[in-house]
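Reproduced below: protein_8.pdb, with PDB, C-alpha atoms and all ligand atoms.
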ATOM      1  CA  MET A   1     -48.810  27.781  37.800  1.00  0.00           C
ATOM      2  CA  ARG A   2     -47.609  24.332  38.753  1.00  0.00           C
ATOM      3  CA  THR A   3     -47.804  23.263  35.103  1.00  0.00           C
ATOM      4  CA  ILE A   4     -45.559  26.123  34.029  1.00  0.00           C
ATOM      5  CA  ALA A   5     -42.982  25.224  36.697  1.00  0.00           C
ATOM      6  CA  ALA A   6     -42.998  21.596  35.601  1.00  0.00           C
ATOM      7  CA  VAL A   7     -42.511  22.565  31.963  1.00  0.00           C
ATOM      8  CA  LEU A   8     -39.651  24.908  32.883  1.00  0.00           C
ATOM      9  CA  SER A   9     -37.828  22.299  34.963  1.00  0.00           C
ATOM     10  CA  LEU A  10     -38.269  19.736  32.204  1.00  0.00           C
ATOM     11  CA  ALA A  11     -36.816  22.199  29.701  1.00  0.00           C
ATOM     12  CA  ALA A  12     -33.868  22.957  32.006  1.00  0.00           C
ATOM     13  CA  SER A  13     -32.938  19.299  32.437  1.00  0.00           C
ATOM     14  CA  ALA A  14     -33.375  18.580  28.739  1.00  0.00           C
ATOM     15  CA  LEU A  15     -30.987  21.417  27.858  1.00  0.00           C
ATOM     16  CA  ALA A  16     -28.079  20.402  30.110  1.00  0.00           C
ATOM     17  CA  TYR A  17     -26.075  19.400  27.062  1.00  0.00           C
ATOM     18  CA  SER A  18     -24.533  22.579  25.674  1.00  0.00           C
ATOM     19  CA  VAL A  19     -22.851  23.071  22.279  1.00  0.00           C
ATOM     20  CA  SER A  20     -19.936  25.560  22.189  1.00  0.00           C
ATOM     21  CA  GLN A  21     -18.766  24.927  18.620  1.00  0.00           C
ATOM     22  CA  PRO A  22     -19.664  25.462  15.787  1.00  0.00           C
ATOM     23  CA  ASN A  23     -20.933  28.988  16.408  1.00  0.00           C
ATOM     24  CA  SER A  24     -21.369  32.333  14.666  1.00  0.00           C
ATOM     25  CA  ASN A  25     -17.603  33.060  14.857  1.00  0.00           C
ATOM     26  CA  GLN A  26     -16.366  29.572  14.113  1.00  0.00           C
ATOM     27  CA  GLY A  27     -18.276  27.993  11.249  1.00  0.00           C
ATOM     28  CA  TRP A  28     -17.580  24.981   9.092  1.00  0.00           C
ATOM     29  CA  THR A  29     -16.128  24.493   5.575  1.00  0.00           C
ATOM     30  CA  THR A  30     -16.841  21.953   2.829  1.00  0.00           C
ATOM     31  CA  THR A  31     -13.335  20.518   3.343  1.00  0.00           C
ATOM     32  CA  GLY A  32     -13.376  20.368   7.163  1.00  0.00           C
ATOM     33  CA  PRO A  33     -12.326  19.194   9.651  1.00  0.00           C
ATOM     34  CA  ASN A  34     -15.682  20.264  11.089  1.00  0.00           C
ATOM     35  CA  ILE A  35     -15.513  20.086  14.872  1.00  0.00           C
ATOM     36  CA  VAL A  36     -18.455  19.814  17.256  1.00  0.00           C
ATOM     37  CA  SER A  37     -17.648  20.573  20.921  1.00  0.00           C
ATOM     38  CA  TRP A  38     -20.124  20.188  23.769  1.00  0.00           C
ATOM     39  CA  SER A  39     -20.360  19.878  27.502  1.00  0.00           C
ATOM     40  CA  ARG A  40     -22.698  17.660  29.492  1.00  0.00           C
ATOM     41  CA  VAL A  41     -23.598  16.864  33.083  1.00  0.00           C
ATOM     42  CA  ASP A  42     -23.872  13.433  34.723  1.00  0.00           C
ATOM     43  CA  THR A  43     -27.648  13.366  34.522  1.00  0.00           C
ATOM     44  CA  ASP A  44     -27.566  13.815  30.733  1.00  0.00           C
ATOM     45  CA  ALA A  45     -28.165  10.945  28.363  1.00  0.00           C
ATOM     46  CA  LYS A  46     -24.990   8.959  27.707  1.00  0.00           C
ATOM     47  CA  ASN A  47     -25.307   9.360  23.968  1.00  0.00           C
ATOM     48  CA  PHE A  48     -26.965  11.602  21.439  1.00  0.00           C
ATOM     49  CA  THR A  49     -27.502  11.769  17.685  1.00  0.00           C
ATOM     50  CA  LEU A  50     -25.994  14.692  15.789  1.00  0.00           C
ATOM     51  CA  VAL A  51     -28.263  16.388  13.234  1.00  0.00           C
ATOM     52  CA  LEU A  52     -27.571  19.245  10.816  1.00  0.00           C
ATOM     53  CA  VAL A  53     -30.539  21.591  10.382  1.00  0.00           C
ATOM     54  CA  ASN A  54     -31.337  24.758   8.467  1.00  0.00           C
ATOM     55  CA  GLN A  55     -34.702  26.505   8.291  1.00  0.00           C
ATOM     56  CA  ASP A  56     -33.977  27.725   4.732  1.00  0.00           C
ATOM     57  CA  ARG A  57     -35.003  25.075   2.184  1.00  0.00           C
ATOM     58  CA  SER A  58     -33.118  26.932  -0.592  1.00  0.00           C
ATOM     59  CA  VAL A  59     -29.876  26.368   1.369  1.00  0.00           C
ATOM     60  CA  MET A  60     -30.636  22.821   2.500  1.00  0.00           C
ATOM     61  CA  PRO A  61     -33.507  21.250   0.489  1.00  0.00           C
ATOM     62  CA  GLN A  62     -33.844  18.358   2.936  1.00  0.00           C
ATOM     63  CA  ASN A  63     -33.824  19.355   6.593  1.00  0.00           C
ATOM     64  CA  ASP A  64     -32.664  17.232   9.548  1.00  0.00           C
ATOM     65  CA  GLN A  65     -29.628  15.485   8.075  1.00  0.00           C
ATOM     66  CA  VAL A  66     -28.279  12.940  10.565  1.00  0.00           C
ATOM     67  CA  LEU A  67     -24.476  13.345  10.688  1.00  0.00           C
ATOM     68  CA  SER A  68     -23.737  10.785  13.399  1.00  0.00           C
ATOM     69  CA  ALA A  69     -25.982   8.407  15.342  1.00  0.00           C
ATOM     70  CA  PHE A  70     -25.444   7.407  19.002  1.00  0.00           C
ATOM     71  CA  VAL A  71     -22.410   9.593  19.665  1.00  0.00           C
ATOM     72  CA  ASP A  72     -20.717   8.838  22.998  1.00  0.00           C
ATOM     73  CA  GLY A  73     -21.599  11.985  24.947  1.00  0.00           C
ATOM     74  CA  THR A  74     -18.661  11.657  27.373  1.00  0.00           C
ATOM     75  CA  THR A  75     -16.042  12.432  24.684  1.00  0.00           C
ATOM     76  CA  GLY A  76     -16.951  16.152  24.498  1.00  0.00           C
ATOM     77  CA  GLN A  77     -15.880  16.583  20.885  1.00  0.00           C
ATOM     78  CA  LEU A  78     -16.069  14.950  17.497  1.00  0.00           C
ATOM     79  CA  THR A  79     -15.194  15.665  13.879  1.00  0.00           C
ATOM     80  CA  ALA A  80     -18.421  15.581  11.893  1.00  0.00           C
ATOM     81  CA  SER A  81     -18.553  13.597   8.652  1.00  0.00           C
ATOM     82  CA  PRO A  82     -20.465  15.133   5.743  1.00  0.00           C
ATOM     83  CA  PRO A  83     -24.027  14.046   4.898  1.00  0.00           C
ATOM     84  CA  SER A  84     -24.370  11.657   1.945  1.00  0.00           C
ATOM     85  CA  GLY A  85     -24.687  14.460  -0.627  1.00  0.00           C
ATOM     86  CA  GLY A  86     -21.647  16.359   0.724  1.00  0.00           C
ATOM     87  CA  TRP A  87     -21.686  19.580   2.760  1.00  0.00           C
ATOM     88  CA  PRO A  88     -24.195  22.210   1.687  1.00  0.00           C
ATOM     89  CA  THR A  89     -22.961  25.812   1.816  1.00  0.00           C
ATOM     90  CA  GLY A  90     -24.628  28.938   3.160  1.00  0.00           C
ATOM     91  CA  LYS A  91     -25.679  30.484   6.440  1.00  0.00           C
ATOM     92  CA  GLY A  92     -28.241  29.747   9.123  1.00  0.00           C
ATOM     93  CA  PHE A  93     -27.062  26.205   9.901  1.00  0.00           C
ATOM     94  CA  GLN A  94     -27.380  24.689  13.361  1.00  0.00           C
ATOM     95  CA  VAL A  95     -26.450  21.316  14.789  1.00  0.00           C
ATOM     96  CA  ASN A  96     -28.968  19.648  17.068  1.00  0.00           C
ATOM     97  CA  LEU A  97     -28.047  17.028  19.644  1.00  0.00           C
ATOM     98  CA  VAL A  98     -31.153  14.823  19.672  1.00  0.00           C
ATOM     99  CA  GLU A  99     -32.200  11.707  21.556  1.00  0.00           C
ATOM    100  CA  ASP A 100     -31.796   9.179  18.733  1.00  0.00           C
ATOM    101  CA  PRO A 101     -32.380   8.874  14.965  1.00  0.00           C
ATOM    102  CA  ASN A 102     -36.064   8.074  15.535  1.00  0.00           C
ATOM    103  CA  HIS A 103     -36.664  11.142  17.725  1.00  0.00           C
ATOM    104  CA  LEU A 104     -35.171  14.058  15.792  1.00  0.00           C
ATOM    105  CA  ASN A 105     -37.534  16.474  17.549  1.00  0.00           C
ATOM    106  CA  THR A 106     -36.387  15.475  21.051  1.00  0.00           C
ATOM    107  CA  ILE A 107     -33.640  18.062  21.160  1.00  0.00           C
ATOM    108  CA  LEU A 108     -31.075  17.845  23.981  1.00  0.00           C
ATOM    109  CA  ALA A 109     -29.123  20.898  22.827  1.00  0.00           C
ATOM    110  CA  GLN A 110     -28.748  23.160  19.834  1.00  0.00           C
ATOM    111  CA  SER A 111     -25.771  25.138  18.555  1.00  0.00           C
ATOM    112  CA  ASN A 112     -25.868  28.798  17.596  1.00  0.00           C
ATOM    113  CA  GLN A 113     -26.355  29.533  13.922  1.00  0.00           C
ATOM    114  CA  PHE A 114     -23.196  29.176  11.822  1.00  0.00           C
ATOM    115  CA  THR A 115     -22.093  29.257   8.172  1.00  0.00           C
ATOM    116  CA  ILE A 116     -20.634  26.518   5.981  1.00  0.00           C
ATOM    117  CA  THR A 117     -18.236  27.989   3.401  1.00  0.00           C
ATOM    118  CA  GLN A 118     -16.529  26.495   0.359  1.00  0.00           C
ATOM    119  CA  GLY A 119     -13.124  25.052   1.353  1.00  0.00           C
ATOM    120  CA  THR A 120      -9.938  25.435  -0.723  1.00  0.00           C
ATOM    121  CA  SER A 121      -7.960  22.212  -0.210  1.00  0.00           C
ATOM    122  CA  SER A 122      -7.817  21.398  -3.970  1.00  0.00           C
ATOM    123  CA  VAL A 123      -5.066  24.062  -4.468  1.00  0.00           C
ATOM    124  CA  SER A 124      -2.530  22.186  -2.338  1.00  0.00           C
ATOM    125  CA  SER A 125      -3.206  18.854  -4.085  1.00  0.00           C
ATOM    126  CA  VAL A 126      -2.533  20.438  -7.530  1.00  0.00           C
ATOM    127  CA  SER A 127       0.859  21.860  -6.432  1.00  0.00           C
ATOM    128  CA  GLY A 128       1.677  18.458  -4.894  1.00  0.00           C
ATOM    129  CA  VAL A 129       1.224  16.773  -8.289  1.00  0.00           C
ATOM    130  CA  SER A 130       3.617  19.160 -10.074  1.00  0.00           C
ATOM    131  CA  THR A 131       6.546  18.459  -7.721  1.00  0.00           C
ATOM    132  CA  PRO A 132       7.780  15.125  -9.213  1.00  0.00           C
ATOM    133  CA  ALA A 133       7.909  16.562 -12.766  1.00  0.00           C
ATOM    134  CA  SER A 134      10.244  19.428 -11.787  1.00  0.00           C
ATOM    135  CA  VAL A 135      12.482  17.031  -9.860  1.00  0.00           C
ATOM    136  CA  ALA A 136      12.749  14.732 -12.897  1.00  0.00           C
ATOM    137  CA  SER A 137      13.867  17.588 -15.226  1.00  0.00           C
ATOM    138  CA  THR A 138      16.697  18.690 -12.908  1.00  0.00           C
ATOM    139  CA  PRO A 139      20.105  17.632 -14.434  1.00  0.00           C
ATOM    140  CA  VAL A 140      21.773  14.922 -12.384  1.00  0.00           C
ATOM    141  CA  VAL A 141      25.435  15.301 -11.400  1.00  0.00           C
ATOM    142  CA  SER A 142      27.110  11.915 -11.556  1.00  0.00           C
ATOM    143  CA  ALA A 143      30.402  10.269 -12.506  1.00  0.00           C
ATOM    144  CA  ALA A 144      29.194   9.893 -16.123  1.00  0.00           C
ATOM    145  CA  ASN A 145      27.971  13.521 -16.204  1.00  0.00           C
ATOM    146  CA  PRO A 146      30.308  15.502 -13.925  1.00  0.00           C
ATOM    147  CA  THR A 147      29.104  18.948 -14.993  1.00  0.00           C
ATOM    148  CA  GLY A 148      25.456  18.083 -14.412  1.00  0.00           C
ATOM    149  CA  THR A 149      24.428  19.399 -17.844  1.00  0.00           C
ATOM    150  CA  ASN A 150      21.316  18.124 -19.559  1.00  0.00           C
ATOM    151  CA  ASN A 151      22.862  15.690 -22.015  1.00  0.00           C
ATOM    152  CA  ALA A 152      20.046  14.313 -24.114  1.00  0.00           C
ATOM    153  CA  ALA A 153      22.120  13.798 -27.310  1.00  0.00           C
ATOM    154  CA  GLY A 154      24.432  11.164 -25.855  1.00  0.00           C
ATOM    155  CA  THR A 155      27.120  10.612 -23.282  1.00  0.00           C
ATOM    156  CA  ASP A 156      29.832  12.133 -25.548  1.00  0.00           C
ATOM    157  CA  GLY A 157      27.898  15.398 -25.862  1.00  0.00           C
ATOM    158  CA  SER A 158      27.554  15.290 -29.662  1.00  0.00           C
ATOM    159  CA  LEU A 159      24.512  14.675 -31.810  1.00  0.00           C
ATOM    160  CA  ASN A 160      24.348  11.325 -33.526  1.00  0.00           C
ATOM    161  CA  PRO A 161      23.993  12.352 -37.193  1.00  0.00           C
ATOM    162  CA  SER A 162      23.021   8.942 -38.510  1.00  0.00           C
ATOM    163  CA  GLN A 163      19.966   8.869 -36.234  1.00  0.00           C
ATOM    164  CA  SER A 164      18.938  12.471 -35.758  1.00  0.00           C
ATOM    165  CA  LEU A 165      19.714  14.139 -39.102  1.00  0.00           C
ATOM    166  CA  THR A 166      19.914  11.618 -41.962  1.00  0.00           C
ATOM    167  CA  ASP A 167      17.308   9.066 -41.021  1.00  0.00           C
ATOM    168  CA  THR A 168      14.466  10.048 -43.377  1.00  0.00           C
ATOM    169  CA  SER A 169      13.241   6.527 -44.111  1.00  0.00           C
ATOM    170  CA  PRO A 170       9.418   6.548 -44.314  1.00  0.00           C
ATOM    171  CA  SER A 171       8.560   3.591 -42.138  1.00  0.00           C
ATOM    172  CA  PRO A 172       9.315   5.092 -38.673  1.00  0.00           C
ATOM    173  CA  SER A 173       7.503   8.365 -39.424  1.00  0.00           C
ATOM    174  CA  ASN A 174       4.537   6.482 -40.872  1.00  0.00           C
ATOM    175  CA  ALA A 175       4.454   4.387 -37.753  1.00  0.00           C
ATOM    176  CA  ALA A 176       4.491   7.574 -35.655  1.00  0.00           C
ATOM    177  CA  GLY A 177       1.731   9.023 -37.811  1.00  0.00           C
ATOM    178  CA  ARG A 178      -0.441   5.936 -37.371  1.00  0.00           C
ATOM    179  CA  LEU A 179       0.187   6.080 -33.647  1.00  0.00           C
ATOM    180  CA  ALA A 180      -0.872   9.739 -33.463  1.00  0.00           C
ATOM    181  CA  ILE A 181      -4.041   9.143 -35.511  1.00  0.00           C
ATOM    182  CA  GLY A 182      -4.747   6.058 -33.463  1.00  0.00           C
ATOM    183  CA  SER A 183      -4.602   7.892 -30.145  1.00  0.00           C
ATOM    184  CA  GLN A 184      -6.707  10.769 -31.519  1.00  0.00           C
ATOM    185  CA  GLY A 185      -9.229   8.216 -32.744  1.00  0.00           C
ATOM    186  CA  ILE A 186      -9.374   6.659 -29.290  1.00  0.00           C
ATOM    187  CA  LEU A 187      -9.822  10.111 -27.771  1.00  0.00           C
ATOM    188  CA  ALA A 188     -12.625  10.896 -30.242  1.00  0.00           C
ATOM    189  CA  MET A 189     -14.313   7.593 -29.410  1.00  0.00           C
ATOM    190  CA  GLY A 190     -14.017   8.381 -25.719  1.00  0.00           C
ATOM    191  CA  LEU A 191     -15.547  11.834 -26.211  1.00  0.00           C
ATOM    192  CA  ALA A 192     -18.364  10.370 -28.316  1.00  0.00           C
ATOM    193  CA  ALA A 193     -19.077   7.818 -25.585  1.00  0.00           C
ATOM    194  CA  LEU A 194     -19.039  10.560 -22.946  1.00  0.00           C
ATOM    195  CA  GLY A 195     -21.393  12.645 -25.084  1.00  0.00           C
ATOM    196  CA  ALA A 196     -23.753   9.697 -25.400  1.00  0.00           C
ATOM    197  CA  LEU A 197     -23.731   9.246 -21.633  1.00  0.00           C
ATOM    198  CA  LEU A 198     -24.457  12.908 -20.998  1.00  0.00           C
ATOM    199  CA  ALA A 199     -27.171  13.146 -23.688  1.00  0.00           C
TER     200      ALA A 199
HETATM  201  C1  LIG B   1     -27.721   5.473  24.441  1.00  0.00           C
HETATM  202  O1  LIG B   1     -28.034   5.858  25.770  1.00  0.00           O
HETATM  203  C2  LIG B   1     -29.258   5.289  26.267  1.00  0.00           C
HETATM  204  C3  LIG B   1     -29.474   5.836  27.664  1.00  0.00           C
HETATM  205  O2  LIG B   1     -29.177   7.182  27.746  1.00  0.00           O
HETATM  206  C4  LIG B   1     -29.152   3.772  26.272  1.00  0.00           C
HETATM  207  O3  LIG B   1     -30.368   3.206  26.675  1.00  0.00           O
HETATM  208  C5  LIG B   1     -28.796   3.273  24.883  1.00  0.00           C
HETATM  209  O4  LIG B   1     -28.571   1.905  24.915  1.00  0.00           O
HETATM  210  C6  LIG B   1     -27.537   3.972  24.364  1.00  0.00           C
HETATM  211  N1  LIG B   1     -27.314   3.545  22.996  1.00  0.00           N
HETATM  212  C7  LIG B   1     -26.100   3.338  22.520  1.00  0.00           C
HETATM  213  C8  LIG B   1     -26.036   2.857  21.109  1.00  0.00           C
HETATM  214  O5  LIG B   1     -25.091   3.516  23.176  1.00  0.00           O
END

So, in terms of structure tokens, how does the structure I just supplied come out?
Amino acid sequence: MRTIAAVLSLAASALAYSVSQPNSNQGWTTTGPNIVSWSRVDTDAKNFTLVLVNQDRSVMPQNDQVLSAFVDGTTGQLTASPPSGGWPTGKGFQVNLVEDPNHLNTILAQSNQFTITQGTSSVSSVSGVSTPASVASTPVVSAANPTGTNNAAGTDGSLNPSQSLTDTSPSPSNAAGRLAIGSQGILAMGLAALGALLA
């Protein structure tokens, strides 16, 4: 009887840290930010080590991934950085607050189960890249071009016949042809090298 009471009181003091997030409603994503929130009492250890766990080896082949060692417990919240192989995805994840990296089984607190889903931040970075190109193609209104028309042929608005229409001399087009073949050749060499690397 006394043994059971001692075990229960030990368990109660060891579980004073309490994790409120992540949880079953508020999971994580592969793009983050992935927040851990906890509460503690004065008698709790000053620091803990944050560990990502999952009982399903098909979701997380290596269990007990240390996300952060010796976290200052008084801060109440942190943004978790991904494990070295990046965030796994799936369900049944938990974060454990453990004593230190050498005592992963001395658990101070454990979150509810939560999911890690694929994030979508790559969409915004693609649209960000396209912005400068559309700005560059917008006609510029200036003193030299008061109507703001696209005026590629020249400042007087007419084509230059000696350059654009009658210049059929072979040397410039041959040079362009060599240039095109040259860049294709470089591309082919690059692809061959890539193929060799992947083989
Ligand atoms: C973590 O806290 C323990 C006591 O709870 C202390 O002995 C240890 O030095 C602390 N470690 C760090 C890195 O703050």

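Residues in contact with ligand LIG 1 (chain B) comprise A:Asp42, A:Thr43, A:Asp44, A:Ala45, A:Lys46, A:Asn47, A:Phe48, A:Thr49, A:Ser68, A:Ala69, A:Phe70, A:Val71, A:Asp72, A:Gly73, A:Thr74, A:Val98, A:Glu99, A:Asp100, A:Pro101, A:Leu108, where contact means an atom-to-atom distance of at most 12 Å counting all atoms listed in the file.
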
Taking C-alpha atoms for each residue, export the selection above as a short mmCIF file (atom, residue, chain, number, x, y, z; two decimals), in the coordinates of the input.
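Dumped to again23.cif:
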data_model
loop_
_atom_site.label_atom_id
_atom_site.label_comp_id
_atom_site.auth_asym_id
_atom_site.auth_seq_id
_atom_site.Cartn_x
_atom_site.Cartn_y
_atom_site.Cartn_z
CA ASP A 42 -23.87 13.43 34.72
CA THR A 43 -27.65 13.37 34.52
CA ASP A 44 -27.57 13.82 30.73
CA ALA A 45 -28.16 10.94 28.36
CA LYS A 46 -24.99 8.96 27.71
CA ASN A 47 -25.31 9.36 23.97
CA PHE A 48 -26.96 11.60 21.44
CA THR A 49 -27.50 11.77 17.68
CA SER A 68 -23.74 10.78 13.40
CA ALA A 69 -25.98 8.41 15.34
CA PHE A 70 -25.44 7.41 19.00
CA VAL A 71 -22.41 9.59 19.66
CA ASP A 72 -20.72 8.84 23.00
CA GLY A 73 -21.60 11.98 24.95
CA THR A 74 -18.66 11.66 27.37
CA VAL A 98 -31.15 14.82 19.67
CA GLU A 99 -32.20 11.71 21.56
CA ASP A 100 -31.80 9.18 18.73
CA PRO A 101 -32.38 8.87 14.96
CA LEU A 108 -31.08 17.84 23.98
#

For A:Ala80, the nearest of the candidates A:Asn54, A:Ser37, A:Ser18, A:Gln26, counting all atoms listed in the file: A:Ser37

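Atom CA of A:Asp64 is positioned 9.4 Å from atom CA of A:Asn105.
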
With 5 Å of padding per side, what axis-aligned box (centre and edge lengths, Å, one decimal) covers all the listed atoms of stretch 90-99 of chain A? Give it as lines of an AutoDock Vina configuration file.
center_x = -28.4
center_y = 21.1
center_z = 12.4
size_x = 17.6
size_y = 28.8
size_z = 28.4

I need the residue set behind the PyMOL selection byres (((chain A and resi 78) around 8) and not hetatm) for this file; please write it as a PyMOL selection string. chain A and resi 35-37+75-77+79-80

Looking at A:Pro22, A:Gly32, A:Gly85, A:Gly27, which one is nearest to A:Ile116, with distances taken over all atoms listed in the file? A:Gly27

Between atom CA of A:Asn96 and atom CA of A:Thr31 lies a distance of 20.8 Å

Applied to this file, what does the PyMOL selection byres (((chain A and resi 63) around 12) and not hetatm) return in terms of residues, put as a count of residues only? 24

When distances are computed from all atoms listed in the file, which of A:Ser111, A:Ser84, A:Gln118, A:Thr89 shows the smallest separation from A:Ser24?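 Going through A:Ser111, A:Ser84, A:Gln118, A:Thr89 one by one, the smallest distance to A:Ser24 is for A:Ser111.
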